[in-house]
Amino acid sequence: MLIRSKRSWELPESMVTDEAVFFNRRKFLTGSMATAGAGLLAGCAPPVRAEVDPSADLYPVPNNPAYTAERAIAPESITAYYNNFYEFNSPYDFSFSKNIADEAQALPIRPWEIRIEGEVEEDFTIGIDDLLSKVSLEERIYRHRCVEAWSMVIPWSGFQMSELVKLARPRSSAKYVYMETFLNPDVAPGQTRKSYPWPYREAVTMEEATNELAFLVTGVYNKPMLKQYGAPLRLALPWKYGFKSIKSIVRFRFDSFEPKTFWHDTAPREYGFWANVNPDVPHRRWSQATERDIGTRERFPTKLFNGYGEQVAHLYADMGHLGKALYR
Ligand code: MTE
């Protein structure tokens with residue numbers, strides 16, 4: 001008999017609104033810490049990095065005041081324990097816990113090589129520290145909106161994705177940028193879950209990749225990013241649902257055709273290619289009209305393009321409903 005594990009897109013709304021459970025769990029952890037007198041339990045403070053990060057000296061980086069948010073920045077003590085990084089969920093964790101911080105520490109992030117290939121003048125591989133020496137790092141405060149109807153305001157450090165596109169020297173035939181996460185089931189137990197098409201893969205159009213908002217993230221809270229956020233290199237596309245913002249990237253491939261993504265292969269009717277934040281297009285199983293801010297715990301009305309329409313609406317002007325939709 002074929003026994004198939006439940007997929008995350010089959011999860012009920014409890015996954016969407018589990019933030020209340022999450023906070024109760026934190027309360028529980030805090031309580032148990034007081035009882036046990038053990039200050040090292042998860043849920044207390046961000047975990048200490050096991051290895052020395054050679055990029056630590058690059059921080060703090062200058063803040064770019066053009067990118068700010070009207071809401072308060074969410075504290076690291078919350079965001080470091082509220083992460084979607086399915087590679088680090090146990091294959092038996094059917095509720096897909098967001099507290100994967102400890103498990104993510106198993107990911108080795110040096111050496112970290114990034115492959116650039118496809119429709120480019122010449123394929124090449126570059127180490128993360130070499131890449132960091134070729135780009136200008138800055139801090140941007142972005143709103144981050146998950147398809148599960150929660151959001152947070154987060155201070156990313158990194159560089160504009162257009163800088164990487166320039167380094168890659170794409171040919172005119174390049175129409176899409178495809179990205180891939182590491183594949184290492186020895187350290188990422190989630191990747192032993194056979195019902196998912198590993199590795200995690202995402203893609204954007206060239207116009208999206210070179211939009212000023214597309215940001216490759218290397219740090220958070222103005223220091224090298226902890227592994228659970230997707231160290232040493234992840235994407236931030238603040239006008240799209242968070243699942244487009246792929247973590248721990250090892251490959252950028254420039255394609256002339258639209259690449260298939262992890263979520264396309266998993267649940268194409270639930271998570272489409274565009275995935276632009278839109279309060280008027282509900283998920284098949286829940287509304288996207290409002291969102292819960294993880295930092296303040298307040299509920300806010302969701303904005304079209306997560307409030308970044310000024311920078312990105314023109315990209316979808318000719319596409320009507322399609323460009324704004326979650327599916328297609
Ligand atoms: N990237 C990889 N490799 N694996 C993942 O599970 N989850 C995505 C995205 N990138 C994910 C990923 C989803 S669903 C979201 S909402 C964001 O990462 C979460 O980013 P955060 O943990 O920094 O909030």
# chains A, B, ... in the order shown; residues from 1 in each chain; ligands from 1
>>> residues_near_ligand(ligand="ligand 1", cutoff="9 Å", atoms="only C-alpha atoms and all ligand atoms", output="number ranges by chain")
A: 79-89, 98, 144-148, 150-152, 154, 180-182, 199-202, 228-230, 234-236, 241-249
>>> select_by_dssp(residues="region 146-320 of chain A", states="alpha helix (DSSP H)", output="ChimeraX atom specification")
/A:161-168,206-209,262-266,309-312
>>> residues_around(residues="Val120 (chain A)", least_positions_apart="3", cutoff="10 Å", atoms="only C-alpha atoms", output="JSON, numbers by chain")
{"A": [116, 117, 123, 124, 165, 167, 168, 169, 170, 171, 172, 173, 174, 253, 254, 255]}
>>> write_last_selection(atoms="all heavy atoms", output="compact mmCIF listing (two decimals), in the first residue's frame")
# COMPACT_ATOMS: atom_id res chain seq x y z
N ILE A 116 26.23 30.23 -11.72
CA ILE A 116 25.50 31.14 -12.62
C ILE A 116 25.60 30.51 -13.99
O ILE A 116 26.71 30.25 -14.48
CB ILE A 116 26.16 32.54 -12.65
CG1 ILE A 116 26.50 33.05 -11.26
CG2 ILE A 116 25.34 33.52 -13.49
CD1 ILE A 116 25.51 33.91 -10.58
N GLU A 117 24.44 30.26 -14.62
CA GLU A 117 24.50 29.51 -15.88
C GLU A 117 23.28 29.79 -16.75
O GLU A 117 22.40 30.56 -16.39
CB GLU A 117 24.58 28.01 -15.56
CG GLU A 117 23.37 27.51 -14.79
CD GLU A 117 23.51 26.05 -14.34
OE1 GLU A 117 24.62 25.50 -14.32
OE2 GLU A 117 22.46 25.48 -13.99
N ASP A 123 29.10 30.58 -18.39
CA ASP A 123 28.72 30.01 -17.09
C ASP A 123 29.88 30.21 -16.11
O ASP A 123 31.04 30.15 -16.52
CB ASP A 123 28.48 28.50 -17.19
CG ASP A 123 27.30 28.14 -18.09
OD1 ASP A 123 26.58 29.06 -18.53
OD2 ASP A 123 27.12 26.94 -18.36
N PHE A 124 29.59 30.42 -14.85
CA PHE A 124 30.67 30.45 -13.85
C PHE A 124 30.14 30.11 -12.46
O PHE A 124 28.93 30.10 -12.22
CB PHE A 124 31.43 31.79 -13.83
CG PHE A 124 30.59 32.99 -13.44
CD1 PHE A 124 30.57 33.45 -12.13
CD2 PHE A 124 29.84 33.68 -14.39
CE1 PHE A 124 29.81 34.57 -11.77
CE2 PHE A 124 29.09 34.80 -14.05
CZ PHE A 124 29.07 35.24 -12.74
N VAL A 165 22.50 40.29 -11.74
CA VAL A 165 22.15 40.11 -13.15
C VAL A 165 23.27 40.70 -14.02
O VAL A 165 23.70 40.10 -15.01
CB VAL A 165 20.78 40.74 -13.47
CG1 VAL A 165 20.49 40.74 -14.96
CG2 VAL A 165 19.67 40.00 -12.71
N LEU A 167 26.46 41.13 -13.20
CA LEU A 167 27.66 40.27 -13.10
C LEU A 167 27.51 39.02 -13.97
O LEU A 167 28.49 38.50 -14.52
CB LEU A 167 27.85 39.81 -11.65
CG LEU A 167 28.45 40.79 -10.65
CD1 LEU A 167 28.40 40.19 -9.25
CD2 LEU A 167 29.90 41.09 -11.04
N ALA A 168 26.27 38.53 -14.09
CA ALA A 168 26.01 37.29 -14.83
C ALA A 168 26.16 37.47 -16.34
O ALA A 168 26.37 36.51 -17.07
CB ALA A 168 24.62 36.76 -14.51
N ARG A 169 26.02 38.67 -16.83
CA ARG A 169 26.09 39.00 -18.26
C ARG A 169 25.13 38.13 -19.09
O ARG A 169 25.53 37.31 -19.91
CB ARG A 169 27.54 38.88 -18.77
CG ARG A 169 28.46 39.88 -18.05
CD ARG A 169 29.78 40.05 -18.74
NE ARG A 169 30.52 38.81 -18.76
CZ ARG A 169 31.20 38.34 -19.79
NH1 ARG A 169 31.24 39.01 -20.91
NH2 ARG A 169 31.86 37.20 -19.69
N PRO A 170 23.81 38.32 -18.84
CA PRO A 170 22.83 37.52 -19.59
C PRO A 170 22.79 37.89 -21.07
O PRO A 170 23.04 39.03 -21.43
CB PRO A 170 21.51 37.87 -18.90
CG PRO A 170 21.75 39.16 -18.20
CD PRO A 170 23.20 39.25 -17.88
N ARG A 171 22.45 36.91 -21.89
CA ARG A 171 22.24 37.16 -23.32
C ARG A 171 20.84 37.76 -23.49
O ARG A 171 19.99 37.64 -22.61
CB ARG A 171 22.31 35.84 -24.09
CG ARG A 171 23.67 35.19 -24.03
CD ARG A 171 23.80 34.17 -25.18
NE ARG A 171 24.87 33.25 -24.88
CZ ARG A 171 24.69 31.98 -24.51
NH1 ARG A 171 23.48 31.48 -24.45
NH2 ARG A 171 25.71 31.21 -24.22
N SER A 172 20.58 38.30 -24.67
CA SER A 172 19.26 38.92 -24.90
C SER A 172 18.16 37.84 -24.90
O SER A 172 16.99 38.14 -24.70
CB SER A 172 19.24 39.69 -26.21
OG SER A 172 19.60 38.82 -27.25
N SER A 173 18.55 36.58 -25.08
CA SER A 173 17.57 35.48 -25.06
C SER A 173 17.08 35.16 -23.64
O SER A 173 16.11 34.41 -23.47
CB SER A 173 18.20 34.22 -25.67
OG SER A 173 19.48 34.01 -25.09
N ALA A 174 17.74 35.70 -22.61
CA ALA A 174 17.34 35.42 -21.22
C ALA A 174 16.06 36.17 -20.88
O ALA A 174 16.02 37.40 -20.97
CB ALA A 174 18.46 35.83 -20.27
N ARG A 253 19.89 30.39 -12.82
CA ARG A 253 19.96 29.98 -14.23
C ARG A 253 19.10 30.94 -15.04
O ARG A 253 17.94 31.21 -14.69
CB ARG A 253 19.43 28.55 -14.37
CG ARG A 253 19.80 27.91 -15.71
CD ARG A 253 19.19 26.53 -15.82
NE ARG A 253 17.74 26.61 -15.87
CZ ARG A 253 16.91 25.70 -15.33
NH1 ARG A 253 17.37 24.64 -14.71
NH2 ARG A 253 15.60 25.85 -15.42
N PHE A 254 19.68 31.47 -16.10
CA PHE A 254 18.95 32.40 -16.96
C PHE A 254 18.33 31.57 -18.07
O PHE A 254 19.03 30.83 -18.77
CB PHE A 254 19.90 33.49 -17.48
CG PHE A 254 20.33 34.41 -16.37
CD1 PHE A 254 21.29 34.00 -15.44
CD2 PHE A 254 19.76 35.66 -16.22
CE1 PHE A 254 21.66 34.84 -14.38
CE2 PHE A 254 20.13 36.49 -15.17
CZ PHE A 254 21.08 36.08 -14.25
N ASP A 255 17.00 31.68 -18.20
CA ASP A 255 16.26 30.83 -19.12
C ASP A 255 15.51 31.65 -20.17
O ASP A 255 15.08 32.78 -19.90
CB ASP A 255 15.21 30.00 -18.35
CG ASP A 255 15.85 28.84 -17.57
OD1 ASP A 255 16.96 28.41 -17.94
OD2 ASP A 255 15.23 28.39 -16.58
>>> select_by_dssp(residues="region 41-158 of chain A", states="strand (DSSP E or B)", output="short mmCIF file (atom, residue, chain, number, x, y, z; two decimals) with N, CA, C and O atoms, in the first residue's frame")
data_model
loop_
_atom_site.label_atom_id
_atom_site.label_comp_id
_atom_site.auth_asym_id
_atom_site.auth_seq_id
_atom_site.Cartn_x
_atom_site.Cartn_y
_atom_site.Cartn_z
N ASN A 63 22.09 52.23 5.94
CA ASN A 63 20.65 52.09 5.69
C ASN A 63 20.26 52.93 4.48
O ASN A 63 20.73 54.05 4.32
N GLU A 113 29.16 27.86 -2.63
CA GLU A 113 29.39 28.23 -4.02
C GLU A 113 28.07 28.45 -4.75
O GLU A 113 27.10 27.71 -4.53
N ILE A 114 28.06 29.44 -5.61
CA ILE A 114 26.84 29.80 -6.34
C ILE A 114 27.13 29.65 -7.84
O ILE A 114 28.11 30.20 -8.34
N ARG A 115 26.30 28.90 -8.50
CA ARG A 115 26.46 28.63 -9.92
C ARG A 115 25.61 29.61 -10.72
O ARG A 115 24.42 29.79 -10.43
N ILE A 116 26.23 30.23 -11.72
CA ILE A 116 25.50 31.14 -12.62
C ILE A 116 25.60 30.51 -13.99
O ILE A 116 26.71 30.25 -14.48
N GLU A 117 24.44 30.26 -14.62
CA GLU A 117 24.50 29.51 -15.88
C GLU A 117 23.28 29.79 -16.75
O GLU A 117 22.40 30.56 -16.39
N GLY A 118 23.27 29.13 -17.90
CA GLY A 118 22.13 29.25 -18.82
C GLY A 118 22.40 30.25 -19.91
O GLY A 118 23.49 30.26 -20.50
N VAL A 120 23.69 32.99 -20.54
CA VAL A 120 24.65 34.03 -20.13
C VAL A 120 25.87 33.94 -21.06
O VAL A 120 26.08 32.93 -21.73
N PHE A 124 29.59 30.42 -14.85
CA PHE A 124 30.67 30.45 -13.85
C PHE A 124 30.14 30.11 -12.46
O PHE A 124 28.93 30.10 -12.22
N THR A 125 31.10 29.81 -11.57
CA THR A 125 30.78 29.51 -10.17
C THR A 125 31.50 30.56 -9.34
O THR A 125 32.65 30.88 -9.61
N ILE A 126 30.81 31.09 -8.33
CA ILE A 126 31.44 32.12 -7.49
C ILE A 126 31.15 31.81 -6.03
O ILE A 126 30.02 31.42 -5.68
N GLY A 127 32.15 31.95 -5.18
CA GLY A 127 31.98 31.75 -3.74
C GLY A 127 31.24 32.96 -3.15
O GLY A 127 31.36 34.08 -3.67
N GLU A 138 23.66 47.21 1.50
CA GLU A 138 22.90 48.26 2.19
C GLU A 138 21.77 47.61 2.97
O GLU A 138 21.44 46.44 2.74
N GLU A 139 21.20 48.39 3.88
CA GLU A 139 20.06 47.88 4.66
C GLU A 139 18.77 48.48 4.11
O GLU A 139 18.72 49.67 3.78
N ARG A 140 17.74 47.64 3.99
CA ARG A 140 16.41 48.11 3.58
C ARG A 140 15.36 47.55 4.53
O ARG A 140 15.38 46.35 4.82
N ILE A 141 14.46 48.39 4.94
CA ILE A 141 13.34 47.92 5.77
C ILE A 141 12.20 47.55 4.81
O ILE A 141 11.69 48.41 4.11
N TYR A 142 11.85 46.28 4.79
CA TYR A 142 10.80 45.80 3.88
C TYR A 142 9.65 45.19 4.68
O TYR A 142 9.87 44.56 5.72
N ARG A 143 8.44 45.31 4.11
CA ARG A 143 7.31 44.52 4.62
C ARG A 143 7.40 43.15 3.95
O ARG A 143 7.69 43.07 2.76
N HIS A 144 7.15 42.11 4.71
CA HIS A 144 7.29 40.73 4.24
C HIS A 144 5.94 40.07 4.48
O HIS A 144 5.48 40.00 5.61
N ARG A 145 5.26 39.64 3.41
CA ARG A 145 3.88 39.15 3.52
C ARG A 145 3.83 37.70 3.05
O ARG A 145 4.10 37.40 1.88
N TRP A 150 0.08 36.14 7.28
CA TRP A 150 0.82 36.87 8.31
C TRP A 150 1.89 37.73 7.64
O TRP A 150 2.26 37.48 6.49
N SER A 151 2.35 38.72 8.37
CA SER A 151 3.37 39.60 7.79
C SER A 151 4.30 40.08 8.89
O SER A 151 4.02 39.91 10.08
N MET A 152 5.42 40.65 8.48
CA MET A 152 6.34 41.24 9.44
C MET A 152 7.12 42.34 8.74
O MET A 152 7.24 42.33 7.51
N VAL A 153 7.61 43.27 9.52
CA VAL A 153 8.50 44.30 8.97
C VAL A 153 9.90 43.91 9.39
O VAL A 153 10.15 43.65 10.58
N ILE A 154 10.79 43.84 8.41
CA ILE A 154 12.07 43.22 8.69
C ILE A 154 13.21 44.01 8.05
O ILE A 154 13.10 44.46 6.91
N PRO A 155 14.31 44.22 8.79
CA PRO A 155 15.43 44.99 8.23
C PRO A 155 16.44 44.06 7.54
O PRO A 155 17.33 43.51 8.19
N TRP A 156 16.27 43.89 6.23
CA TRP A 156 17.20 43.05 5.48
C TRP A 156 18.47 43.84 5.16
O TRP A 156 18.40 45.04 4.91
N SER A 157 19.59 43.17 5.07
CA SER A 157 20.80 43.75 4.48
C SER A 157 21.11 42.91 3.26
O SER A 157 20.90 41.69 3.27
N GLY A 158 21.65 43.55 2.23
CA GLY A 158 21.99 42.80 1.03
C GLY A 158 22.26 43.73 -0.13
O GLY A 158 22.69 44.88 0.08
#
>>> atom_distance(atom1="CA of Ile78 (chain A)", atom2="CA of Ser95 (chain A)")
19.0 Å
>>> residues_around(residues="region 298-306 of chain A", least_positions_apart="5", cutoff="9 Å", atoms="only C-alpha atoms", output="ChimeraX atom specification")
/A:143-145,149-150,238-241,276-280,288-293,312-313,324
>>> atom_distance(atom1="CA of Glu103 (chain A)", atom2="CA of Asp265 (chain A)")
25.6 Å
>>> atom_distance(atom1="CA of Ala188 (chain A)", atom2="CA of Leu137 (chain A)")
28.7 Å
